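This is input.txt (compact mmCIF, C-alpha atoms).
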```txt
# COMPACT_ATOMS: atom_id res chain seq x y z
CA MET D 14 0.00 0.00 0.00
CA ALA D 15 2.89 2.38 0.71
CA ALA D 16 5.12 1.53 -2.27
CA GLY D 17 7.12 4.51 -3.48
CA ARG D 18 5.87 6.89 -0.79
CA ARG D 19 7.56 8.62 2.12
CA LEU D 20 5.10 7.47 4.71
CA TYR D 21 4.92 8.48 8.38
CA LEU D 22 2.52 7.50 11.15
CA LYS D 23 1.36 10.03 13.73
CA ARG D 24 0.68 7.56 16.51
CA GLU D 25 -2.03 8.60 18.89
CA ASP D 26 -2.47 4.96 19.97
CA VAL D 27 0.46 5.06 22.38
CA HIS D 28 -1.25 7.05 25.14
CA GLU D 29 -2.30 5.07 28.23
CA LEU D 30 -5.92 5.17 26.97
CA GLY D 31 -4.90 3.86 23.57
CA ALA D 32 -6.48 6.75 21.66
CA PHE D 33 -6.30 10.49 21.04
CA LYS D 34 -9.54 11.50 22.76
CA TRP D 35 -7.92 12.47 26.07
CA ARG D 36 -6.61 15.61 24.44
CA GLY D 37 -10.10 17.02 23.91
CA ALA D 38 -11.83 15.62 26.98
CA LEU D 39 -9.61 17.17 29.64
CA PRO D 40 -10.06 20.86 28.74
CA VAL D 41 -13.81 20.41 28.34
CA LEU D 42 -14.22 18.81 31.77
CA GLU D 43 -11.97 21.43 33.34
CA ARG D 44 -14.36 24.05 31.98
CA TYR D 45 -17.39 22.20 33.39
CA ARG D 46 -15.71 21.87 36.78
CA ASP D 47 -14.76 25.54 36.86
CA ALA D 48 -18.39 26.41 36.10
CA GLY D 49 -19.51 24.46 39.17
CA ALA D 50 -20.51 21.09 37.74
CA GLU D 51 -20.14 17.98 39.89
CA ALA D 52 -20.95 15.45 37.15
CA VAL D 53 -20.90 15.13 33.38
CA VAL D 54 -22.97 13.05 30.96
CA THR D 55 -21.81 11.88 27.55
CA ALA D 56 -22.40 9.24 24.88
CA SER D 57 -19.72 7.25 23.13
CA THR D 58 -18.87 4.08 21.25
CA GLY D 59 -15.94 3.78 23.63
CA ASN D 60 -12.82 5.90 23.22
CA HIS D 61 -14.53 9.20 23.96
CA GLY D 62 -16.25 7.61 26.94
CA ALA D 63 -12.95 6.32 28.28
CA ALA D 64 -11.36 9.74 27.80
CA THR D 65 -14.27 11.40 29.60
CA ALA D 66 -13.94 8.94 32.49
CA TRP D 67 -10.17 9.52 32.60
CA ALA D 68 -10.63 13.30 32.60
CA ALA D 69 -13.34 13.01 35.26
CA GLN D 70 -10.87 11.29 37.57
CA ARG D 71 -8.48 14.20 37.12
CA THR D 72 -11.09 16.91 37.63
CA GLY D 73 -13.07 15.31 40.45
CA LEU D 74 -16.26 14.94 38.45
CA ARG D 75 -18.66 12.01 38.34
CA ALA D 76 -18.91 10.59 34.79
CA ILE D 77 -22.07 8.98 33.40
CA ILE D 78 -21.37 7.33 30.04
CA TYR D 79 -24.04 6.11 27.64
CA ALA D 80 -22.97 3.63 24.94
CA PRO D 81 -24.80 1.50 22.38
CA GLU D 82 -25.63 -2.04 23.42
CA GLY D 83 -23.20 -3.54 20.90
CA ALA D 84 -20.23 -1.41 21.96
CA SER D 85 -16.76 -2.93 21.87
CA GLU D 86 -16.04 -5.03 24.94
CA ALA D 87 -12.48 -3.72 25.00
CA LYS D 88 -13.69 -0.14 25.13
CA VAL D 89 -16.56 -0.80 27.53
CA GLY D 90 -14.12 -2.54 29.86
CA LEU D 91 -11.80 0.45 29.74
CA VAL D 92 -14.65 2.82 30.63
CA ARG D 93 -15.63 0.66 33.59
CA SER D 94 -12.03 0.35 34.79
CA LEU D 95 -11.84 4.15 35.00
CA GLY D 96 -14.72 4.32 37.45
CA ALA D 97 -17.46 5.78 35.26
CA GLU D 98 -21.11 4.83 35.49
CA LEU D 99 -21.82 3.01 32.22
CA ARG D 100 -25.29 2.69 30.67
CA LEU D 101 -25.75 0.55 27.53
CA VAL D 102 -28.70 1.82 25.51
CA GLY D 103 -29.97 1.32 21.96
CA PRO D 104 -28.60 -0.07 18.71
CA ASP D 105 -26.18 2.72 17.78
CA LEU D 106 -24.38 5.80 19.04
CA ASP D 107 -27.02 8.28 18.02
CA VAL D 108 -29.78 6.51 19.95
CA ALA D 109 -27.50 6.35 23.01
CA LYS D 110 -26.76 10.04 22.52
CA ASP D 111 -30.45 10.95 22.53
CA GLU D 112 -30.92 9.08 25.81
CA ALA D 113 -27.86 10.70 27.35
CA ARG D 114 -28.94 14.18 26.31
CA ALA D 115 -32.40 13.64 27.77
CA PHE D 116 -30.97 12.37 31.07
CA ALA D 117 -28.62 15.32 31.33
CA ALA D 118 -31.44 17.79 30.68
CA GLU D 119 -33.73 16.14 33.22
CA ASN D 120 -31.04 16.27 35.90
CA GLY D 121 -29.51 19.66 35.16
CA LEU D 122 -26.14 18.19 34.20
CA PRO D 123 -23.79 19.24 31.39
CA PHE D 124 -24.02 17.05 28.30
CA PHE D 125 -20.64 16.60 26.65
CA GLU D 126 -21.38 15.95 22.98
CA ASP D 127 -18.24 14.65 21.32
CA GLY D 128 -17.52 16.86 18.33
CA ALA D 129 -19.65 19.80 19.44
CA GLU D 130 -17.22 21.43 21.88
CA PRO D 131 -14.90 24.10 20.42
CA ALA D 132 -12.37 23.29 23.17
CA GLN D 133 -11.89 19.89 21.52
CA PHE D 134 -11.05 21.50 18.18
CA ASP D 135 -8.49 23.71 19.91
CA ALA D 136 -6.92 20.74 21.71
CA TYR D 137 -6.63 18.66 18.56
CA GLU D 138 -4.70 21.44 16.86
CA GLY D 139 -1.83 20.17 18.99
CA ILE D 140 -1.69 17.01 16.87
CA GLY D 141 -1.23 19.05 13.72
CA ASP D 142 1.41 21.20 15.41
CA GLU D 143 3.29 18.07 16.47
CA ILE D 144 3.15 16.63 12.95
CA VAL D 145 4.87 19.69 11.50
CA ASP D 146 7.37 19.98 14.35
CA GLN D 147 8.29 16.29 14.49
CA LEU D 148 8.49 15.86 10.72
CA GLY D 149 10.94 18.74 10.36
CA GLU D 150 9.49 19.72 7.00
CA PRO D 151 6.02 20.47 5.68
CA PRO D 152 3.99 17.34 4.90
CA ALA D 153 2.61 16.93 1.41
CA ALA D 154 -0.55 15.32 2.76
CA VAL D 155 -2.04 14.43 6.13
CA VAL D 156 -4.71 11.73 6.14
CA VAL D 157 -7.18 11.76 9.03
CA PRO D 158 -10.11 9.44 9.81
CA VAL D 159 -13.41 11.24 10.33
CA GLY D 160 -16.10 10.23 12.80
CA ASN D 161 -17.84 13.32 14.12
CA GLY D 162 -15.10 15.49 12.62
CA ALA D 163 -13.56 17.17 15.67
CA LEU D 164 -10.13 15.60 15.17
CA PHE D 165 -10.00 16.62 11.54
CA ILE D 166 -11.04 20.19 12.36
CA GLY D 167 -8.22 20.61 14.86
CA VAL D 168 -5.53 19.00 12.71
CA ALA D 169 -6.64 20.87 9.59
CA ARG D 170 -6.68 24.23 11.38
CA SER D 171 -3.12 23.65 12.50
CA LEU D 172 -2.01 22.63 9.02
CA ALA D 173 -3.71 25.63 7.43
CA ARG D 174 -1.52 27.77 9.66
CA GLY D 175 1.73 25.77 9.76
CA ALA D 176 1.76 23.85 6.45
CA PRO D 177 -0.78 25.54 4.18
CA ALA D 178 0.28 23.63 1.06
CA ALA D 179 -0.41 20.23 2.66
CA ALA D 180 -3.40 18.29 1.38
CA ARG D 181 -5.89 17.76 4.22
CA VAL D 182 -7.47 14.40 3.45
CA ALA D 183 -10.56 13.15 5.28
CA VAL D 184 -11.30 9.41 5.39
CA VAL D 185 -14.87 8.23 5.94
CA ALA D 186 -16.18 4.68 6.27
CA LYS D 187 -18.26 3.78 3.22
CA GLU D 188 -20.82 2.10 5.47
CA ALA D 189 -21.17 5.22 7.65
CA PRO D 190 -21.21 7.95 4.97
CA VAL D 191 -23.02 10.83 6.69
CA MET D 192 -19.96 13.06 7.04
CA ALA D 193 -18.90 12.53 3.43
CA LEU D 194 -22.43 13.36 2.28
CA SER D 195 -22.57 16.41 4.54
CA ILE D 196 -19.16 17.70 3.46
CA GLU D 197 -20.16 17.35 -0.19
CA ALA D 198 -23.41 19.21 0.43
CA GLY D 199 -21.85 21.82 2.71
CA ARG D 200 -24.60 21.20 5.25
CA VAL D 201 -25.92 18.42 7.44
CA VAL D 202 -27.71 15.74 5.44
CA GLU D 203 -29.50 12.67 6.69
CA SER D 204 -28.18 9.11 6.51
CA ASP D 205 -29.89 5.94 7.62
CA ARG D 206 -26.83 3.81 8.31
CA SER D 207 -23.63 3.52 10.31
CA ALA D 208 -22.93 -0.18 9.75
CA THR D 209 -19.16 -0.17 10.12
CA PHE D 210 -16.84 -2.06 12.44
CA ALA D 211 -14.85 1.16 12.68
CA ASP D 212 -16.85 2.19 15.72
CA GLY D 213 -14.93 5.43 16.07
CA MET D 214 -16.31 6.42 12.66
CA ALA D 215 -19.80 4.96 13.14
CA VAL D 216 -21.72 8.22 12.97
CA ARG D 217 -25.27 8.28 11.59
CA VAL D 218 -26.28 11.84 12.53
CA ALA D 219 -23.85 14.66 11.76
CA ILE D 220 -23.22 17.52 14.19
CA PRO D 221 -24.04 20.87 12.55
CA LEU D 222 -21.14 22.78 14.12
CA ALA D 223 -18.66 20.10 13.06
CA VAL D 224 -19.89 20.13 9.46
CA GLU D 225 -19.79 23.92 9.36
CA GLU D 226 -16.24 24.02 10.66
CA LEU D 227 -14.92 21.02 8.74
CA ALA D 228 -16.25 21.49 5.21
CA PRO D 229 -14.07 24.50 4.27
CA LEU D 230 -10.94 22.78 5.60
CA VAL D 231 -11.12 19.57 3.55
CA SER D 232 -8.94 19.07 0.48
CA SER D 233 -10.55 15.73 -0.39
CA VAL D 234 -12.73 12.99 1.07
CA LEU D 235 -11.92 9.31 0.56
CA LEU D 236 -14.38 6.50 1.32
CA VAL D 237 -13.01 3.19 2.56
CA SER D 238 -14.66 -0.22 2.71
CA GLU D 239 -14.77 -2.59 5.63
CA ARG D 240 -12.47 -4.96 3.77
CA ALA D 241 -9.92 -2.25 3.05
CA MET D 242 -9.79 -1.35 6.74
CA ALA D 243 -9.44 -5.00 7.72
CA ARG D 244 -6.52 -5.42 5.32
CA ALA D 245 -4.91 -2.28 6.73
CA ILE D 246 -5.26 -3.66 10.25
CA GLY D 247 -3.43 -6.76 9.04
CA ALA D 248 -0.71 -4.74 7.33
CA LEU D 249 -0.06 -2.77 10.50
CA ALA D 250 -0.18 -5.92 12.64
CA ALA D 251 2.56 -7.38 10.45
CA GLU D 252 4.69 -4.40 11.52
CA GLY D 253 3.90 -4.99 15.18
CA ILE D 254 1.30 -2.22 15.47
CA ARG D 255 -2.14 -3.12 16.84
CA VAL D 256 -4.86 -0.71 15.74
CA GLU D 257 -8.61 -0.51 15.64
CA ALA D 258 -10.39 0.04 12.34
CA SER D 259 -10.55 3.82 12.67
CA GLY D 260 -6.82 3.88 13.28
CA ALA D 261 -6.24 1.80 10.15
CA ALA D 262 -8.58 3.83 7.93
CA PRO D 263 -5.91 6.29 6.67
CA LEU D 264 -3.73 3.39 5.51
CA ALA D 265 -6.78 1.78 3.93
CA ALA D 266 -7.32 4.95 1.90
CA LEU D 267 -3.74 5.29 0.73
CA ASP D 268 -4.28 3.69 -2.66
CA GLN D 269 -6.86 6.38 -3.46
CA LEU D 270 -4.64 9.28 -2.53
CA GLY D 271 -2.96 9.79 -5.88
CA GLU D 272 0.47 11.26 -6.47
CA VAL D 273 1.87 13.72 -3.96
CA ASP D 274 5.35 15.20 -3.82
CA GLY D 275 6.64 14.81 -0.31
CA PRO D 276 5.93 13.05 2.97
CA VAL D 277 2.50 11.61 3.68
CA VAL D 278 1.37 11.43 7.32
CA LEU D 279 -1.32 9.00 8.46
CA VAL D 280 -2.96 9.78 11.81
CA VAL D 281 -3.31 6.52 13.75
CA THR D 282 -6.11 7.34 16.16
CA GLY D 283 -6.34 4.30 18.45
CA ARG D 284 -5.67 0.68 19.30
CA ASN D 285 -8.77 -0.37 21.28
CA ILE D 286 -10.27 -3.28 19.37
CA ASP D 287 -11.83 -6.51 20.58
CA GLU D 288 -9.50 -9.48 20.31
CA GLU D 289 -11.82 -11.55 18.13
CA MET D 290 -12.40 -8.66 15.72
CA HIS D 291 -8.66 -8.04 15.47
CA ARG D 292 -7.99 -11.72 14.82
CA ARG D 293 -10.65 -11.83 12.10
CA ALA D 294 -9.28 -8.73 10.40
CA VAL D 295 -5.74 -10.09 10.42
CA GLU D 296 -6.56 -13.66 9.41
CA CYS D 297 -9.71 -13.29 7.30
CA PRO D 298 -9.88 -9.76 5.86
CA ASP D 299 -11.90 -10.92 2.86
CA SER D 300 -14.72 -11.91 5.21
CA PHE D 301 -15.51 -8.19 5.50
CA PRO D 302 -17.67 -6.49 2.84
CA ASP D 303 -15.94 -4.57 0.10
```

Give the structure from the file, written as structure tokens.
Amino acid sequence: MAAGRRLYLKREDVHELGAFKWRGALPVLERYRDAGAEAVVTASTGNHGAATAWAAQRTGLRAIIYAPEGASEAKVGLVRSLGAELRLVGPDLDVAKDEARAFAAENGLPFFEDGAEPAQFDAYEGIGDEIVDQLGEPPAAVVVPVGNGALFIGVARSLARGAPAAARVAVVAKEAPVMALSIEAGRVVESDRSATFADGMAVRVAIPLAVEELAPLVSSVLLVSERAMARAIGALAAEGIRVEASGAAPLAALDQLGEVDGPVVLVVTGRNIDEEMHRRAVECPDSFPD
């Protein structure tokens, strides 16, 4: 997949939580605490929930995390281990989010919607800053997986400032296309599916603020199949790097990138994947839909 390219990985999987979400969660919860909150409510497929629980420990807040009933056992276990109150509700993230929002409103608690907090965008700019600083030269392209879009917004803002010639490439799961559709339209559009094993990208309902902020920053959007992500998981595993599907999505999209003159950076967002799913992706990638 990387033949003939100068390829670099920006590894956000090496944090103790195994994903980048801690960067955005901590400043948001600090703001809630400083405003007098004693608890926070959120909804997540896993990594955001774990980051919220982790940040709650550091800010002295109680964390109540809603997640879909089919959430990754690896991620659910991480949330529980961090002391949060976990509630499994509904078939997908957006149903869990509706329940969480209603509970927060009924109880007068702040609802932390992942991707709707400007403090997250600001925090994720640090990833883009680090890419430019660590690379030592401007990247030709930076490829970022897109779930709700907050990560991309932060990285792209940084690149627009520090490496304006770099292509800012968004990767969306073909089976969860709402962000690609919304970016193309320049507004939130409806989608009826988020049937991807890349749970960090399994968004069915786009966040208006995220679409508004993200659309002008995107150079191109690439759609990746479940099979392509599974093969990318296997390719990274062969190099000793364990990733979840969202973390493998930039590598899965590499064949679609086209020619670029200079280094290409893939943002590896996380490693939290169930053992059986990882084994299947590595050993039987063609069992996933193309």

Practice task
Write out as a PyMOL selection string the residues lying within 9 Å of range 260-264 of chain D, counting all atoms listed in the file and excluding same-chain residues fewer than 2 positions away.
Solution key: chain D and resi 14-15+24-26+32+156-158+182-186+211+213+237-238+241-246+248-249+256-258+266-268+278-284

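Between Phe134 in chain D and the residues D:Arg93, D:Arg44, D:His28, D:Arg36, the shortest atom-to-atom distance, using only C-alpha atoms, involves D:Arg36.
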
Problem - Minimum-distance residue to Val92 in chain D, chosen among D:Ala50, D:Ile77, D:Val234, D:Leu22 (using all atoms listed in the file) - result: D:Ile77

Exercise for the section: Pick out the residues sitting within 12 Å of Glu296 in chain D, and hand them over as number ranges by chain; count only C-alpha atoms, and ignore anything fewer than 3 positions along from it in its own chain. Expected result: D: 240, 243-248, 250-251, 289-293, 299-301

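Each of D:Asp205, D:Glu197, D:Glu272, D:Glu252 was compared to Ser233 in chain D using all atoms listed in the file, and D:Glu197 turns out to be the nearest.
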
Handout entry: Separation of CA of Ala64 in chain D from CA of Ser85 in chain D, in Å and rounded to one decimal
Key = 15.0 Å

Practice task
Kindly provide, as number ranges by chain, the polymer residues lying within 10 Å of (-29.4, 8.9, 18.9), counting all atoms listed in the file and using the coordinates exactly as they appear in the file.
Solution key: D: 56, 81, 102-114, 216-218

Handout entry: Shortest interatomic distance to Val155 in chain D - which of D:Pro131, D:Gly275, D:Gly31, D:Pro190, counting all atoms listed in the file
Key =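 Ranking D:Pro131, D:Gly275, D:Gly31, D:Pro190 by distance to Val155 in chain D, first place goes to D:Gly275.
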
Handout entry: Who sits within 12 Å of range 222-230 of chain D, all atoms listed in the file, same chain under 6 positions skipped, as a count of residues only
Key = 42

Practice task
Please measure the separation of CA of Leu101 in chain D and CA of Val54 in chain D, giving the value in Å to one decimal.
Solution key: 13.3 Å

Distance query Thr209 in chain D at most 7 Å, all atoms listed in the file, self and fewer than 4 positions along chain excluded, as a PDB file with C-alpha atoms, keeping the file's coordinate frame:
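Contents of the output file around14.pdb:
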```pdb
ATOM      1  CA  ALA D 186     -16.180   4.680   6.270  1.00  0.00           C
ATOM      2  CA  GLU D 188     -20.820   2.100   5.470  1.00  0.00           C
ATOM      3  CA  ALA D 189     -21.170   5.220   7.650  1.00  0.00           C
ATOM      4  CA  ALA D 215     -19.800   4.960  13.140  1.00  0.00           C
ATOM      5  CA  GLU D 239     -14.770  -2.590   5.630  1.00  0.00           C
TER       6      GLU D 239
END
```

Handout entry: Two-atom distance - CA of Ile78 in chain D, CA of Ala66 in chain D (Å)
Key = 8.0 Å

Exercise for the section: Around the point (-12.2, 21.5, 32.9) in the file's coordinates, collect all residues with an atom within 12 Å, using only C-alpha atoms, and return them as a ChimeraX atom specification. Expected result: /D:36-53,65,68-74,123,125,132-133
